[in-house]
Amino acid sequence: EELSAVDYSAIKSFFASSLGLRILSSPEVLREYEFTVALDAGEVYKQLSGADAREKIMVDGKLDCAFLENGAYVVVDYKTDRVKSSEELIARYSGQLELYKTALEMCSGVRVSGAEIFSLELSESICV
């Protein structure tokens with residue numbers, strides 16, 4: 001039943017896209033990368049200030065994908081949201097991707113050069 005739900009044309013389209021080709025040509029690809037990091041609360045909750053913003057909090061997460069390109073990682077997050085434009089996804093998820101970038105740099109010690117959302121609904125890659 002699950003197999004019949006797989007959209008093979010979408011998968012083929014993704015790997016034929018410029019983002020898919022970049023991932024396929026990468027020397028290192030991280031999939032479902034789990035992390036736990038201690039961050040200042042102000043990095044997560046932008047409305048905080050002063051001592052509250054400097055309090056340490058633990059953040060757990062899982063990156064969908066990150067790949068090495070030119071000596072730095074690029075974070076990729078797949079989204080299935082039903083949206084009409086890429087701007088909707090950027091507004092919803094740019095903060096999440098900034099946290100992912102920070103966490104991956106902290107955990108790996110490797111610079112993160114960027115982040116991209118791949119929208120399955122729009123069939124496009126969106127640089128964040």
# chains A, B, ... in the order shown; residues from 1 in each chain; ligands from 1
$ select_by_dssp --residues "chain A" --states "strand (DSSP E or B)" --output "VMD selection string"
chain A and resid 29 to 40 56 to 69 72 to 79 112 to 119 124 to 127
$ residues_around --residues "stretch 85-90 of chain A" --least-positions-apart "3" --cutoff "9 Å" --atoms "only C-alpha atoms" --output "VMD selection string"
chain A and resid 79 81 93 to 95 117 119 122 124 to 128
$ write_last_selection --atoms "all heavy atoms" --output "tab-separated table (two decimals), in the first residue's frame"
chain	number	residue	atom	x	y	z
A	79	LYS	N	10.00	19.89	2.07
A	79	LYS	CA	8.71	20.33	2.60
A	79	LYS	C	7.58	19.85	1.69
A	79	LYS	O	7.69	19.89	0.46
A	79	LYS	CB	8.65	21.86	2.71
A	79	LYS	CG	9.65	22.44	3.70
A	79	LYS	CD	9.38	21.96	5.11
A	79	LYS	CE	10.34	22.58	6.11
A	79	LYS	NZ	10.25	21.93	7.41
A	81	ASP	N	4.35	21.05	2.37
A	81	ASP	CA	3.26	22.01	2.57
A	81	ASP	C	2.58	22.36	1.25
A	81	ASP	O	3.25	22.56	0.23
A	81	ASP	CB	3.80	23.32	3.16
A	81	ASP	CG	4.56	23.14	4.45
A	81	ASP	OD1	5.33	22.18	4.56
A	81	ASP	OD2	4.40	23.99	5.34
A	93	TYR	N	9.79	28.87	7.41
A	93	TYR	CA	10.87	27.98	7.80
A	93	TYR	C	12.27	28.59	7.82
A	93	TYR	O	13.23	27.88	8.15
A	93	TYR	CB	10.88	26.75	6.88
A	93	TYR	CG	9.63	25.93	7.02
A	93	TYR	CD1	8.68	25.88	5.99
A	93	TYR	CD2	9.37	25.23	8.19
A	93	TYR	CE1	7.52	25.13	6.13
A	93	TYR	CE2	8.22	24.47	8.33
A	93	TYR	CZ	7.30	24.43	7.29
A	93	TYR	OH	6.15	23.69	7.44
A	94	SER	N	12.43	29.85	7.53
A	94	SER	CA	13.79	30.43	7.52
A	94	SER	C	14.43	30.35	8.90
A	94	SER	O	15.62	30.06	9.02
A	94	SER	CB	13.79	31.85	6.97
A	94	SER	OG	13.00	32.69	7.78
A	95	GLY	N	13.66	30.58	9.96
A	95	GLY	CA	14.20	30.48	11.31
A	95	GLY	C	14.67	29.08	11.65
A	95	GLY	O	15.74	28.88	12.24
A	117	ILE	N	15.37	24.89	0.72
A	117	ILE	CA	14.13	24.13	0.90
A	117	ILE	C	13.82	23.51	-0.45
A	117	ILE	O	13.89	24.20	-1.48
A	117	ILE	CB	12.97	25.04	1.32
A	117	ILE	CG1	13.21	25.62	2.71
A	117	ILE	CG2	11.64	24.28	1.27
A	117	ILE	CD1	12.20	26.68	3.12
A	119	SER	N	10.64	22.15	-2.17
A	119	SER	CA	9.20	22.05	-2.05
A	119	SER	C	8.69	20.97	-2.99
A	119	SER	O	8.82	21.08	-4.22
A	119	SER	CB	8.54	23.38	-2.40
A	119	SER	OG	7.15	23.21	-2.54
A	122	LEU	N	5.70	22.55	-4.99
A	122	LEU	CA	6.07	23.44	-6.08
A	122	LEU	C	7.09	22.82	-7.04
A	122	LEU	O	7.36	23.39	-8.09
A	122	LEU	CB	6.65	24.74	-5.52
A	122	LEU	CG	5.75	25.55	-4.58
A	122	LEU	CD1	6.52	26.72	-3.98
A	122	LEU	CD2	4.49	26.02	-5.31
A	124	GLU	N	10.28	22.69	-6.66
A	124	GLU	CA	11.40	23.61	-6.85
A	124	GLU	C	12.24	23.74	-5.60
A	124	GLU	O	11.80	23.50	-4.49
A	124	GLU	CB	10.91	24.99	-7.28
A	124	GLU	CG	10.19	25.78	-6.24
A	124	GLU	CD	9.75	27.16	-6.74
A	124	GLU	OE1	8.91	27.22	-7.64
A	124	GLU	OE2	10.27	28.15	-6.21
A	125	SER	N	13.48	24.13	-5.83
A	125	SER	CA	14.43	24.39	-4.76
A	125	SER	C	14.42	25.88	-4.46
A	125	SER	O	14.40	26.70	-5.38
A	125	SER	CB	15.83	23.96	-5.21
A	125	SER	OG	16.76	24.26	-4.24
A	126	ILE	N	14.42	26.20	-3.16
A	126	ILE	CA	14.33	27.59	-2.74
A	126	ILE	C	15.51	27.89	-1.83
A	126	ILE	O	15.65	27.28	-0.77
A	126	ILE	CB	13.00	27.83	-1.96
A	126	ILE	CG1	11.82	27.40	-2.83
A	126	ILE	CG2	12.90	29.27	-1.51
A	126	ILE	CD1	10.61	26.98	-2.03
A	127	CYS	N	16.36	28.80	-2.24
A	127	CYS	CA	17.50	29.20	-1.44
A	127	CYS	C	17.02	30.09	-0.31
A	127	CYS	O	16.28	31.04	-0.53
A	127	CYS	CB	18.52	29.93	-2.31
A	127	CYS	SG	20.05	30.25	-1.48
A	128	VAL	N	17.43	29.74	0.93
A	128	VAL	CA	16.98	30.51	2.11
A	128	VAL	C	18.17	31.29	2.65
A	128	VAL	O	19.24	30.78	2.80
A	128	VAL	CB	16.42	29.57	3.19
A	128	VAL	CG1	16.00	30.34	4.41
A	128	VAL	CG2	15.28	28.77	2.63
$ residues_around --residues "A:Tyr73" --least-positions-apart "3" --cutoff "10 Å" --atoms "only C-alpha atoms" --output "list of chain:residue names"
A:Ser26, A:Glu28, A:Val29, A:Leu30, A:Cys65, A:Ala66, A:Phe67, A:Leu68, A:Glu69, A:Asn70, A:Val76, A:Lys101, A:Leu104, A:Glu105, A:Ser108, A:Val110, A:Arg111, A:Val112, A:Ser113, A:Gly114, A:Ala115
$ write_last_selection --atoms "all heavy atoms" --output "compact mmCIF listing (two decimals), in the first residue's frame"
# COMPACT_ATOMS: atom_id res chain seq x y z
N SER A 26 28.11 15.22 -4.66
CA SER A 26 28.80 15.56 -3.42
C SER A 26 29.64 14.39 -2.91
O SER A 26 29.21 13.24 -2.97
CB SER A 26 27.78 15.94 -2.35
OG SER A 26 28.43 16.13 -1.10
N GLU A 28 30.18 13.90 0.20
CA GLU A 28 29.61 13.48 1.49
C GLU A 28 28.19 14.00 1.62
O GLU A 28 27.94 15.20 1.46
CB GLU A 28 30.44 14.02 2.65
CG GLU A 28 29.95 13.58 4.01
CD GLU A 28 30.81 14.13 5.15
OE1 GLU A 28 31.86 14.73 4.90
OE2 GLU A 28 30.39 13.93 6.29
N VAL A 29 27.27 13.10 1.91
CA VAL A 29 25.86 13.46 2.09
C VAL A 29 25.40 12.92 3.44
O VAL A 29 25.59 11.74 3.75
CB VAL A 29 24.97 12.88 0.96
CG1 VAL A 29 23.52 13.25 1.18
CG2 VAL A 29 25.45 13.36 -0.41
N LEU A 30 24.83 13.81 4.24
CA LEU A 30 24.26 13.41 5.53
C LEU A 30 22.75 13.31 5.35
O LEU A 30 22.13 14.23 4.83
CB LEU A 30 24.56 14.46 6.60
CG LEU A 30 26.03 14.84 6.81
CD1 LEU A 30 26.14 15.97 7.83
CD2 LEU A 30 26.84 13.63 7.26
N CYS A 65 18.66 16.56 5.20
CA CYS A 65 19.82 16.29 4.36
C CYS A 65 20.80 17.45 4.48
O CYS A 65 20.40 18.60 4.67
CB CYS A 65 19.36 16.16 2.90
SG CYS A 65 20.68 15.87 1.70
N ALA A 66 22.08 17.14 4.36
CA ALA A 66 23.12 18.15 4.20
C ALA A 66 24.17 17.51 3.31
O ALA A 66 24.42 16.30 3.39
CB ALA A 66 23.72 18.56 5.54
N PHE A 67 24.76 18.31 2.46
CA PHE A 67 25.78 17.76 1.58
C PHE A 67 26.97 18.71 1.51
O PHE A 67 26.84 19.91 1.67
CB PHE A 67 25.24 17.45 0.19
CG PHE A 67 24.79 18.65 -0.60
CD1 PHE A 67 25.62 19.25 -1.54
CD2 PHE A 67 23.51 19.16 -0.42
CE1 PHE A 67 25.19 20.35 -2.26
CE2 PHE A 67 23.07 20.25 -1.16
CZ PHE A 67 23.92 20.85 -2.08
N LEU A 68 28.13 18.12 1.31
CA LEU A 68 29.37 18.87 1.24
C LEU A 68 29.56 19.38 -0.18
O LEU A 68 29.44 18.61 -1.15
CB LEU A 68 30.53 17.96 1.66
CG LEU A 68 31.81 18.59 2.14
CD1 LEU A 68 31.55 19.52 3.34
CD2 LEU A 68 32.81 17.53 2.53
N GLU A 69 29.85 20.68 -0.28
CA GLU A 69 30.08 21.30 -1.58
C GLU A 69 31.13 22.39 -1.40
O GLU A 69 30.95 23.30 -0.58
CB GLU A 69 28.76 21.89 -2.10
CG GLU A 69 28.85 22.53 -3.46
CD GLU A 69 27.49 23.01 -3.93
OE1 GLU A 69 26.93 23.95 -3.31
OE2 GLU A 69 26.98 22.44 -4.91
N ASN A 70 32.24 22.26 -2.09
CA ASN A 70 33.33 23.23 -2.01
C ASN A 70 33.80 23.43 -0.57
O ASN A 70 34.05 24.55 -0.12
CB ASN A 70 32.92 24.57 -2.62
CG ASN A 70 32.55 24.45 -4.08
OD1 ASN A 70 33.19 23.72 -4.84
ND2 ASN A 70 31.50 25.14 -4.49
N VAL A 76 19.64 20.96 3.43
CA VAL A 76 18.45 20.83 2.59
C VAL A 76 17.30 20.33 3.45
O VAL A 76 17.45 19.36 4.21
CB VAL A 76 18.68 19.83 1.43
CG1 VAL A 76 17.43 19.68 0.58
CG2 VAL A 76 19.87 20.26 0.57
N LYS A 101 21.48 25.29 10.47
CA LYS A 101 22.83 25.67 10.04
C LYS A 101 23.76 25.83 11.23
O LYS A 101 24.88 25.31 11.24
CB LYS A 101 22.77 26.97 9.23
CG LYS A 101 22.18 26.80 7.84
CD LYS A 101 21.87 28.12 7.16
CE LYS A 101 22.96 29.12 7.15
NZ LYS A 101 22.62 30.37 6.44
N LEU A 104 24.52 22.35 12.81
CA LEU A 104 25.43 21.52 12.02
C LEU A 104 26.86 22.03 12.12
O LEU A 104 27.79 21.24 12.24
CB LEU A 104 24.97 21.46 10.56
CG LEU A 104 25.80 20.56 9.64
CD1 LEU A 104 25.88 19.13 10.17
CD2 LEU A 104 25.22 20.59 8.23
N GLU A 105 27.03 23.34 12.09
CA GLU A 105 28.38 23.90 12.26
C GLU A 105 28.96 23.53 13.63
O GLU A 105 30.12 23.15 13.74
CB GLU A 105 28.37 25.41 12.09
CG GLU A 105 28.32 25.85 10.66
CD GLU A 105 28.46 27.35 10.47
OE1 GLU A 105 28.41 28.12 11.47
OE2 GLU A 105 28.59 27.77 9.31
N SER A 108 29.63 19.55 13.61
CA SER A 108 30.59 19.02 12.65
C SER A 108 31.92 19.76 12.64
O SER A 108 32.93 19.21 12.21
CB SER A 108 29.99 19.07 11.24
OG SER A 108 29.88 20.43 10.79
N VAL A 110 32.42 22.08 10.65
CA VAL A 110 32.56 22.45 9.24
C VAL A 110 31.60 23.62 8.96
O VAL A 110 30.46 23.60 9.42
CB VAL A 110 32.22 21.25 8.32
CG1 VAL A 110 32.26 21.64 6.85
CG2 VAL A 110 33.18 20.10 8.59
N ARG A 111 32.08 24.60 8.20
CA ARG A 111 31.26 25.75 7.85
C ARG A 111 30.04 25.31 7.04
O ARG A 111 30.11 24.38 6.23
CB ARG A 111 32.10 26.74 7.02
CG ARG A 111 31.41 28.04 6.68
CD ARG A 111 32.37 28.99 5.97
NE ARG A 111 32.77 28.53 4.66
CZ ARG A 111 32.05 28.71 3.54
NH1 ARG A 111 30.90 29.34 3.59
NH2 ARG A 111 32.48 28.25 2.39
N VAL A 112 28.92 25.98 7.27
CA VAL A 112 27.71 25.75 6.48
C VAL A 112 27.52 26.98 5.61
O VAL A 112 27.39 28.10 6.09
CB VAL A 112 26.47 25.52 7.38
CG1 VAL A 112 25.21 25.40 6.54
CG2 VAL A 112 26.67 24.27 8.23
N SER A 113 27.53 26.77 4.29
CA SER A 113 27.49 27.90 3.36
C SER A 113 26.08 28.34 2.99
O SER A 113 25.89 29.44 2.48
CB SER A 113 28.26 27.55 2.08
OG SER A 113 27.64 26.46 1.43
N GLY A 114 25.10 27.49 3.24
CA GLY A 114 23.74 27.88 2.88
C GLY A 114 22.72 26.82 3.24
O GLY A 114 23.04 25.77 3.77
N ALA A 115 21.47 27.17 2.92
CA ALA A 115 20.36 26.25 3.17
C ALA A 115 19.36 26.38 2.05
O ALA A 115 19.15 27.48 1.51
CB ALA A 115 19.70 26.56 4.52
$ residues_around --residues "A:Glu55" --least-positions-apart "5" --cutoff "8 Å" --atoms "only C-alpha atoms" --output "list of chain:residue names"
A:Asp40, A:Ala41, A:Gly42
$ write_last_selection --atoms "N, CA and C atoms" --output "tab-separated table (two decimals), in the first residue's frame"
chain	number	residue	atom	x	y	z
A	40	ASP	N	21.95	29.75	23.09
A	40	ASP	CA	21.35	30.83	23.86
A	40	ASP	C	19.87	30.90	23.49
A	41	ALA	N	19.02	31.06	24.48
A	41	ALA	CA	17.58	31.10	24.24
A	41	ALA	C	17.20	32.17	23.23
A	42	GLY	N	17.95	33.28	23.20
A	42	GLY	CA	17.67	34.36	22.25
A	42	GLY	C	17.88	33.97	20.81
$ closest_residue --among "A:Arg82, A:Lys62, A:Arg92, A:Arg54" --to "A:Arg31" --atoms "only C-alpha atoms"
A:Lys62
